[in-house]
Every structure is written in C-alpha cells, then in structure tokens.
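Data from coords_34.txt: compact mmCIF, C-alpha atoms
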# COMPACT_ATOMS: atom_id res chain seq x y z
CA MET B 8 -38.75 -53.24 27.31
CA ASP B 9 -40.99 -56.22 26.59
CA ILE B 10 -39.36 -58.21 29.41
CA HIS B 11 -39.99 -55.28 31.75
CA ARG B 12 -43.62 -55.16 30.55
CA LEU B 13 -43.96 -58.90 31.11
CA LEU B 14 -42.60 -58.86 34.65
CA HIS B 15 -44.65 -55.83 35.70
CA SER B 16 -47.92 -56.95 34.16
CA LYS B 17 -50.64 -58.24 36.49
CA SER B 18 -51.88 -60.60 33.80
CA THR B 19 -48.52 -62.42 33.83
CA TRP B 20 -48.74 -63.32 37.50
CA ILE B 21 -52.46 -64.05 37.30
CA MET B 22 -51.68 -66.46 34.47
CA ILE B 23 -49.04 -68.24 36.59
CA CYS B 24 -51.62 -68.63 39.35
CA PHE B 25 -54.06 -70.14 36.86
CA VAL B 26 -51.36 -72.54 35.64
CA ILE B 27 -50.84 -73.78 39.20
CA GLY B 28 -54.58 -73.95 39.86
CA LEU B 29 -55.38 -75.89 36.70
CA ALA B 30 -52.49 -78.30 37.30
CA VAL B 31 -53.79 -79.07 40.80
CA PHE B 32 -57.35 -79.32 39.48
CA SER B 33 -56.37 -81.74 36.70
CA VAL B 34 -54.47 -84.02 39.09
CA THR B 35 -57.42 -83.95 41.50
CA MET B 36 -59.79 -84.94 38.69
CA THR B 37 -57.40 -87.71 37.64
CA ASN B 38 -57.37 -89.01 41.20
CA SER B 39 -61.17 -88.91 41.27
CA ASP B 40 -61.22 -90.92 38.05
CA ILE B 41 -58.87 -93.50 39.57
CA GLU B 42 -61.01 -93.77 42.71
CA PHE B 43 -64.11 -94.19 40.55
CA MET B 44 -62.48 -97.03 38.62
CA LYS B 45 -61.49 -98.70 41.90
CA ASP B 46 -65.11 -98.63 43.05
CA ASP B 47 -66.43 -99.79 39.68
CA PRO B 48 -63.91 -102.05 37.87
CA ALA B 49 -66.26 -102.32 34.89
CA ALA B 50 -65.78 -98.61 34.26
CA VAL B 51 -62.04 -98.89 33.58
CA THR B 52 -61.40 -96.63 30.62
CA GLU B 53 -60.04 -97.81 27.31
CA THR B 54 -57.56 -95.88 25.23
CA MET B 55 -59.41 -93.80 22.69
CA GLU B 56 -58.41 -94.38 19.08
CA GLU B 57 -59.56 -90.95 17.88
CA ARG B 58 -59.24 -87.51 19.33
CA PRO B 59 -62.13 -86.61 21.62
CA VAL B 60 -64.07 -83.36 21.28
CA GLY B 61 -63.63 -81.14 24.33
CA ILE B 62 -61.13 -81.10 27.17
CA TYR B 63 -60.50 -84.68 28.22
CA VAL B 64 -58.24 -86.22 30.87
CA GLU B 65 -57.87 -89.99 30.56
CA ALA B 66 -56.60 -91.91 33.61
CA GLN B 67 -54.64 -95.04 32.76
CA PRO B 68 -56.16 -98.41 33.84
CA GLU B 69 -52.83 -99.62 35.30
CA TRP B 70 -52.90 -96.77 37.82
CA VAL B 71 -55.83 -98.34 39.66
CA ASN B 72 -53.91 -101.12 41.38
CA GLY B 73 -50.30 -100.13 40.74
CA THR B 74 -47.75 -97.38 40.96
CA ILE B 75 -48.05 -94.17 39.01
CA GLU B 76 -45.14 -92.78 37.01
CA ILE B 77 -44.65 -89.01 37.02
CA GLY B 78 -44.02 -88.85 33.28
CA SER B 79 -47.26 -90.65 32.48
CA VAL B 80 -49.32 -88.25 34.59
CA VAL B 81 -47.58 -85.21 33.10
CA SER B 82 -48.34 -86.62 29.65
CA VAL B 83 -52.04 -87.10 30.43
CA GLU B 84 -52.43 -83.58 31.79
CA MET B 85 -50.49 -82.00 28.91
CA ARG B 86 -52.59 -83.84 26.35
CA SER B 87 -55.76 -82.44 27.86
CA GLN B 88 -54.66 -79.08 26.33
CA LEU B 89 -55.45 -77.16 29.51
CA LEU B 90 -51.97 -75.65 29.38
CA ALA B 91 -52.33 -74.94 25.66
CA ILE B 92 -55.47 -72.90 26.37
CA LEU B 93 -53.58 -70.82 28.93
CA CYS B 94 -50.74 -70.28 26.43
CA VAL B 95 -53.32 -69.07 23.90
CA ILE B 96 -54.84 -66.62 26.38
CA PHE B 97 -51.46 -65.28 27.49
CA ALA B 98 -50.13 -64.82 23.94
CA ALA B 99 -53.27 -62.96 22.85
CA ILE B 100 -53.29 -60.64 25.87
CA PHE B 101 -49.57 -59.91 25.75
CA THR B 102 -49.39 -59.32 21.99
CA ASN B 103 -52.25 -56.83 21.85
CA ALA B 104 -51.64 -55.02 25.13
CA ASP B 105 -49.23 -52.47 23.69
CA TYR B 106 -51.43 -51.89 20.63
CA LYS B 107 -54.34 -50.89 22.87
CA ASN B 108 -52.44 -48.31 24.90
CA GLY B 109 -50.66 -46.81 21.89
CA TYR B 110 -47.21 -47.83 23.13
CA ILE B 111 -46.09 -49.46 19.87
CA LYS B 112 -47.42 -46.63 17.69
CA ASN B 113 -45.42 -44.08 19.68
CA ILE B 114 -42.08 -45.90 19.43
CA ALA B 115 -42.42 -47.62 16.03
CA GLY B 116 -40.82 -44.68 14.25
CA GLN B 117 -37.66 -45.12 16.30
CA PHE B 118 -37.07 -48.58 14.85
CA PRO B 119 -35.68 -48.58 11.28
CA ARG B 120 -36.30 -52.34 11.21
CA ARG B 121 -39.78 -53.12 12.48
CA GLU B 122 -39.11 -56.85 12.58
CA GLN B 123 -37.31 -56.14 15.85
CA LEU B 124 -40.71 -55.43 17.43
CA VAL B 125 -42.02 -58.84 16.39
CA ALA B 126 -38.82 -60.66 17.38
CA SER B 127 -38.89 -59.02 20.80
CA LYS B 128 -42.46 -60.17 21.48
CA PHE B 129 -41.72 -63.68 20.24
CA ILE B 130 -38.68 -64.03 22.53
CA VAL B 131 -40.68 -62.89 25.56
CA ILE B 132 -43.59 -65.19 24.66
CA ALA B 133 -41.13 -68.07 24.28
CA PHE B 134 -39.73 -67.31 27.73
CA GLN B 135 -43.17 -67.13 29.36
CA VAL B 136 -44.35 -70.36 27.69
CA LEU B 137 -41.23 -72.07 29.05
CA VAL B 138 -42.03 -70.77 32.55
CA MET B 139 -45.62 -71.98 32.20
CA VAL B 140 -44.51 -75.47 31.15
CA ILE B 141 -42.09 -75.68 34.08
CA VAL B 142 -44.61 -74.38 36.64
CA PHE B 143 -47.33 -76.69 35.28
CA THR B 144 -45.03 -79.71 35.55
CA ILE B 145 -43.81 -78.87 39.06
CA SER B 146 -47.39 -78.30 40.21
CA ILE B 147 -48.41 -81.69 38.83
CA VAL B 148 -45.50 -83.42 40.59
CA VAL B 149 -46.22 -81.75 43.95
CA SER B 150 -49.95 -82.49 43.66
CA GLY B 151 -49.20 -86.08 42.68
CA TYR B 152 -47.04 -86.65 45.74
CA VAL B 153 -49.81 -85.22 47.94
CA MET B 154 -52.42 -87.47 46.30
CA TRP B 155 -50.52 -90.73 45.90
CA GLY B 156 -47.46 -90.56 48.15
CA SER B 157 -44.93 -93.33 47.61
CA ASP B 158 -46.96 -94.80 44.73
CA PHE B 159 -45.99 -91.74 42.70
CA TYR B 160 -42.47 -92.26 41.36
CA LEU B 161 -40.01 -90.75 38.90
CA GLY B 162 -39.00 -92.97 35.99
CA SER B 163 -36.54 -91.94 33.32
CA VAL B 164 -35.48 -88.31 33.76
CA THR B 165 -34.16 -88.25 30.18
CA GLU B 166 -37.47 -89.37 28.73
CA LEU B 167 -39.36 -86.85 30.86
CA PHE B 168 -37.21 -83.93 29.72
CA GLN B 169 -37.41 -85.13 26.13
CA TYR B 170 -41.21 -85.24 26.32
CA LEU B 171 -41.40 -81.81 27.96
CA GLY B 172 -39.06 -80.37 25.33
CA VAL B 173 -41.28 -81.52 22.46
CA GLN B 174 -44.44 -80.33 24.21
CA TYR B 175 -42.78 -76.96 24.84
CA LEU B 176 -42.12 -76.50 21.13
CA LEU B 177 -45.71 -77.44 20.29
CA HIS B 178 -47.10 -75.01 22.88
CA LEU B 179 -44.72 -72.32 21.63
CA GLY B 180 -45.99 -72.96 18.12
CA ILE B 181 -49.60 -72.43 19.14
CA ALA B 182 -48.65 -69.27 21.05
CA ALA B 183 -46.85 -67.99 17.93
CA VAL B 184 -50.00 -68.60 15.86
CA MET B 185 -51.95 -66.50 18.37
CA MET B 186 -49.34 -63.75 18.04
CA LEU B 187 -49.87 -63.87 14.27
CA LEU B 188 -53.66 -63.65 14.60
CA CYS B 189 -53.38 -60.68 16.96
CA THR B 190 -50.93 -58.93 14.64
CA LEU B 191 -53.24 -59.56 11.69
CA THR B 192 -56.58 -58.62 13.27
CA TYR B 193 -55.68 -56.34 16.22
CA SER B 194 -58.38 -58.30 18.06
CA THR B 195 -57.60 -60.01 21.35
CA ALA B 196 -61.11 -61.45 21.61
CA PHE B 197 -61.09 -63.02 18.14
CA SER B 198 -57.61 -64.52 18.52
CA MET B 199 -58.26 -65.80 22.02
CA THR B 200 -61.63 -67.32 21.11
CA SER B 201 -60.21 -69.00 18.01
CA GLY B 202 -57.35 -70.51 20.00
CA ILE B 203 -59.58 -71.75 22.83
CA LEU B 204 -62.01 -73.37 20.38
CA LEU B 205 -59.10 -74.99 18.57
CA CYS B 206 -57.63 -76.39 21.79
CA SER B 207 -61.07 -77.58 22.90
CA GLY B 208 -61.22 -79.96 19.96
CA LEU B 209 -64.13 -78.32 18.17
CA ALA B 210 -62.23 -78.59 14.89
CA VAL B 211 -61.98 -82.39 15.19
CA PRO B 212 -65.09 -83.04 13.02
CA ILE B 213 -63.58 -80.80 10.33
CA TYR B 214 -60.31 -82.73 10.53
CA SER B 215 -62.25 -85.98 10.11
CA LEU B 216 -63.94 -84.67 6.98
CA ILE B 217 -60.57 -83.59 5.54
CA ASN B 218 -59.10 -87.03 6.27
CA LYS B 219 -62.03 -88.78 4.59
CA ALA B 220 -61.85 -86.51 1.56
CA ILE B 221 -58.11 -87.00 1.04
CA ASN B 222 -58.15 -90.74 1.79
CA GLY B 223 -61.01 -91.14 -0.68
CA LEU B 224 -58.88 -89.81 -3.53
CA LYS B 225 -56.57 -92.81 -3.56
CA THR B 226 -57.13 -96.36 -2.33
CA GLY B 227 -54.79 -97.33 0.47
CA LEU B 228 -53.75 -93.79 1.38
CA GLU B 229 -53.80 -93.34 5.15
CA PHE B 230 -53.59 -89.59 5.60
CA ASP B 231 -54.18 -88.10 9.05
CA ILE B 232 -54.11 -84.32 9.30
CA ASN B 233 -53.65 -84.56 13.08
CA LYS B 234 -50.03 -85.54 12.46
CA TYR B 235 -49.29 -82.20 10.85
CA ILE B 236 -51.08 -79.70 13.11
CA LEU B 237 -50.24 -78.35 16.54
CA ASP B 238 -53.30 -79.40 18.53
CA GLY B 239 -53.23 -82.84 16.94
CA ASN B 240 -49.63 -83.45 17.98
CA ILE B 241 -50.22 -82.13 21.52
CA THR B 242 -53.00 -84.66 22.10
CA MET B 243 -51.30 -87.56 20.28
CA LEU B 244 -47.84 -87.20 21.84
CA LEU B 245 -47.42 -89.84 24.54
CA TYR B 246 -44.75 -90.02 27.21
CA ASP B 247 -43.44 -93.24 25.63
CA SER B 248 -43.95 -92.22 21.99
CA THR B 249 -41.47 -93.49 19.41
CA SER B 250 -38.62 -91.30 18.23
CA GLU B 251 -40.46 -90.83 14.92
CA VAL B 252 -43.45 -89.28 16.69
CA MET B 253 -41.17 -87.11 18.83
CA VAL B 254 -39.25 -85.82 15.81
CA ARG B 255 -42.49 -85.09 14.00
CA GLY B 256 -43.70 -83.10 17.02
CA VAL B 257 -40.49 -81.05 17.02
CA ALA B 258 -40.82 -80.40 13.28
CA VAL B 259 -44.46 -79.32 13.54
CA GLY B 260 -43.83 -77.02 16.51
CA VAL B 261 -40.78 -75.36 14.95
CA ALA B 262 -42.44 -75.05 11.53
CA PHE B 263 -45.55 -73.32 12.86
CA ALA B 264 -43.47 -71.00 15.06
CA ILE B 265 -41.14 -69.97 12.20
CA VAL B 266 -43.95 -69.47 9.67
CA SER B 267 -46.04 -67.47 12.16
CA LEU B 268 -43.03 -65.30 13.06
CA PHE B 269 -42.20 -64.75 9.37
CA ILE B 270 -45.75 -63.73 8.41
CA SER B 271 -46.07 -61.49 11.48
CA THR B 272 -42.85 -59.74 10.46
CA ILE B 273 -44.13 -59.12 6.93
CA ILE B 274 -47.41 -57.71 8.26
CA VAL B 275 -45.67 -55.31 10.65
CA LYS B 276 -43.23 -54.12 7.96
CA LYS B 277 -45.90 -53.55 5.30
CA ARG B 278 -48.78 -52.14 7.35
CA ASP B 279 -49.11 -48.92 9.25
CA ILE B 280 -49.16 -49.50 12.99
CA ARG B 281 -52.24 -48.16 14.72
Starting from the file, give its structure as structure tokens.
Amino acid sequence: MDIHRLLHSKSTWIMICFVIGLAVFSVTMTNSDIEFMKDDPAAVTETMEERPVGIYVEAQPEWVNGTIEIGSVVSVEMRSQLLAILCVIFAAIFTNADYKNGYIKNIAGQFPRREQLVASKFIVIAFQVLVMVIVFTISIVVSGYVMWGSDFYLGSVTELFQYLGVQYLLHLGIAAVMMLLCTLTYSTAFSMTSGILLCSGLAVPIYSLINKAINGLKTGLEFDINKYILDGNITMLLYDSTSEVMVRGVAVGVAFAIVSLFISTIIVKKRDIR
C-alpha cells in the first residue's frame, strides 16, 4: 500500500524533478567556478580544513587546466548536501501524509503488530532515497558531459560505486531521522525545517563548541563530533577517502537508521495513533 501511495503521489515525481534540476544546477555552478578560476588564477580555492556553514560546492584546483573525473564531481556535489536536503523534505512529506488524511488511523486496528506500519514506511523511504541517489548521479554525469565533453572521464567504477553506497547509507540515515521526528511530533513543518537547518550547516558552531569542551577535558584528546554524525560524514566523505573513513560512514549511517527505526517502532506501539 505504501509503494502504491509512493508511485501515485505527485510529491514523489515533483521531488525527482527537483533532484534532476538541482544536479544540473550544481554542475553548472561548479563549471562557473572553474571558469572564474581560469580567468583569475589567484582565486584558485584551497581545501577547507573545517566544515563551512551553509551550502557550499568547492571546485577542485586541478580541474582548471586538466581533466575532470566523474567520481570527484559526484563527491563534490554530494558533499554540498543538496541531495540530503531533498531526502529530508521527501521523508517528512511522505511520513506525515497518511497521518493528515486519517489513513493510518483507519487501518491501524487491522494490524496486531503496529511495527509493520513503521517498517513499511522505512522500506519505501529506503527505496525512494536509492532512486534519488541514482537519479542525482546520472544527472550529474549527463550534465558533466554536456559541460566538459571529453575532459570528463570515468575513473574506477568500483570506487565510484563504493562511494555512492556509503553516501546512500548516510542519506538513508538522515531520512530515517526525519521519519522519527515526524512520528514523534506529527509535524511535517518542524521535522522538515530541522532537517534543512541541519543540512545547511547551521549546527556547525554548536559542534565546534562541543569539540572544544570535550577536548579541553583531557590534554591531547582530539575528539571531533563530525566523525560520528550524519551531516558531518556526508560533508567529510571524499571520493578517495581511506577505507577507515568509508567504514566509519557505513557504521554511522546504519546506526542512525536502526536507532531511528527502533525508536519510531516503540512510539507507534505505545501511543494512540491520531
């Protein structure tokens, strides 16, 4: 029933259109950044050591006078969290849609195990996030070929799929957190706003304060909360990251998804559905 609702919902197809549009837009802005650096060599960007506040796409200096690898571009656009914001919006809209029209309340009594309702939503959200990741990547590749032609090339297919797999789990994790917030508050607006602000990097100053507080407790301790949160891993995960960073990304994505699913299940089982 949830799959049927997904496929016949206007918001689903509108979201796919936005995924394509934002992918094309991000590649266009990256190309503009490259052209700007060609015109002004002194403006070549340097890799930022800390997470920026806001949505940020960073063109690589080597792209100015060389070839451009598909995996590197996909990595840059993914790390901007544009796709994460769309995943947040979709998860919030989809989770609360059937609460608003009374659909869940009418059928909840027919399910002796209410966790099935949560599991069903999570499976459909996982499917849609996968579709969004695939469409976003394909749109980037097509746009890249239009922009850069033969200079745009495919490197290691294995590394690209590995990177996309980790990013998928991280984006699924953040979508699962939105499902939890919607289940807890019944508010699409609150959940969506919280997720967008999170993906926009507005929590970065808070993360910095937490890091300083924890690192100040013990000399030599180099704690970084960004390593253990979803948005931090999305922005820090590079196309050529080490296996340690990749494994950590998988662990964070899976952990947040499982915990969010577990808590959502408890809420639905214990609380009256309205």
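Taking CA of Tyr246 in chain B as the reference point, CA of Gln67 in chain B is found at 12.4 Å.
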Requested in this report: With a distance cut-off of 7 Å and all atoms listed in the file, select the neighbouring residues of range 95-98 of chain B, excluding the residue or stretch itself and same-chain residues fewer than 2 positions from it, and output the selection as number ranges by chain.
Outcome: B: 91-93, 100-102, 132, 181-182, 185-186, 199, 202-203
Report summary line: A straight line from CA of Val184 in chain B to CA of Ser271 in chain B spans 9.2 Å
Listed atoms of range 163-171 of chain B boxed axis-aligned with 4 Å per side, centre + edges as AutoDock Vina command-line options:
--center_x -37.8 --center_y -86.9 --center_z 29.9 --size_x 15.2 --size_y 18.1 --size_z 15.6
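Taking CA of His11 in chain B and CA of Gln174 in chain B as endpoints, the distance between them is 26.5 Å.
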Report task. Would you please work out which residue, of B:Ala66, B:Ile147, B:Val275, B:Met139, is nearest to Val34 in chain B when using all atoms listed in the file? Result ->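 Checking each of B:Ala66, B:Ile147, B:Val275, B:Met139 against Val34 in chain B, counting all atoms listed in the file, the winner is B:Ile147.
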Query raised in the report: Skipping near chain neighbours, those fewer than 6 positions away, what residues fall within 12 Å of range 187-198 of chain B using only C-alpha atoms, listed as a ChimeraX atom specification?
Result: /B:92,94-107,111,124-126,128-129,180-181,204-205,263-281
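Minimum atom-to-atom distances from B:Ser146, B:Gln135, B:Ser157, B:Ser39 to Thr19 in chain B were compared using only C-alpha atoms, and the lowest value belongs to B:Gln135.
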Requested in this report: Can you pull out every residue within 12 Å of Ser79 in chain B, counting only C-alpha atoms, but drop anything in the same chain fewer than 5 positions away, and send it as a ChimeraX atom specification?
Outcome: /B:34,37,64-70,74,84-86,144,147-148,151,159-163,166-167,170-171,244-248
Requested in this report: Have a look at B:Ser250, B:Ser33, B:Ser215, B:Thr200 and name the one nearest to Leu90 in chain B; count all atoms listed in the file.
Outcome: B:Ser33
Need the shell around Cys24 in chain B: protein/DNA/RNA residues with any atom at most 12 Å away, counting only C-alpha atoms. Skip same-chain ones fewer than 2 positions apart. Format as a tab-separated table (two decimals) with C-alpha atoms, in the coordinates of the input?
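Everything below was put into part-v8.tsv:
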chain	number	residue	atom	x	y	z
B	17	LYS	CA	-50.64	-58.24	36.49
B	18	SER	CA	-51.88	-60.60	33.80
B	19	THR	CA	-48.52	-62.42	33.83
B	20	TRP	CA	-48.74	-63.32	37.50
B	21	ILE	CA	-52.46	-64.05	37.30
B	22	MET	CA	-51.68	-66.46	34.47
B	26	VAL	CA	-51.36	-72.54	35.64
B	27	ILE	CA	-50.84	-73.78	39.20
B	28	GLY	CA	-54.58	-73.95	39.86
B	29	LEU	CA	-55.38	-75.89	36.70
B	30	ALA	CA	-52.49	-78.30	37.30
B	31	VAL	CA	-53.79	-79.07	40.80
B	93	LEU	CA	-53.58	-70.82	28.93
B	138	VAL	CA	-42.03	-70.77	32.55
B	139	MET	CA	-45.62	-71.98	32.20
B	142	VAL	CA	-44.61	-74.38	36.64
B	143	PHE	CA	-47.33	-76.69	35.28
B	146	SER	CA	-47.39	-78.30	40.21
Report task. Kindly indicate which residue among B:Arg255, B:Met154, B:Ala210, B:Asn218 lies nearest to Asp231 in chain B, using only C-alpha atoms for the distances. Result ->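 Checking each of B:Arg255, B:Met154, B:Ala210, B:Asn218 against Asp231 in chain B, counting only C-alpha atoms, the winner is B:Asn218.
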Requested in this report: Would you please work out which residue, of B:Gly172, B:Gly78, B:Gly73, B:Pro212, is nearest to Gly260 in chain B when using all atoms listed in the file?
Outcome: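 That would be B:Gly172, the residue with the smallest distance to Gly260 in chain B.
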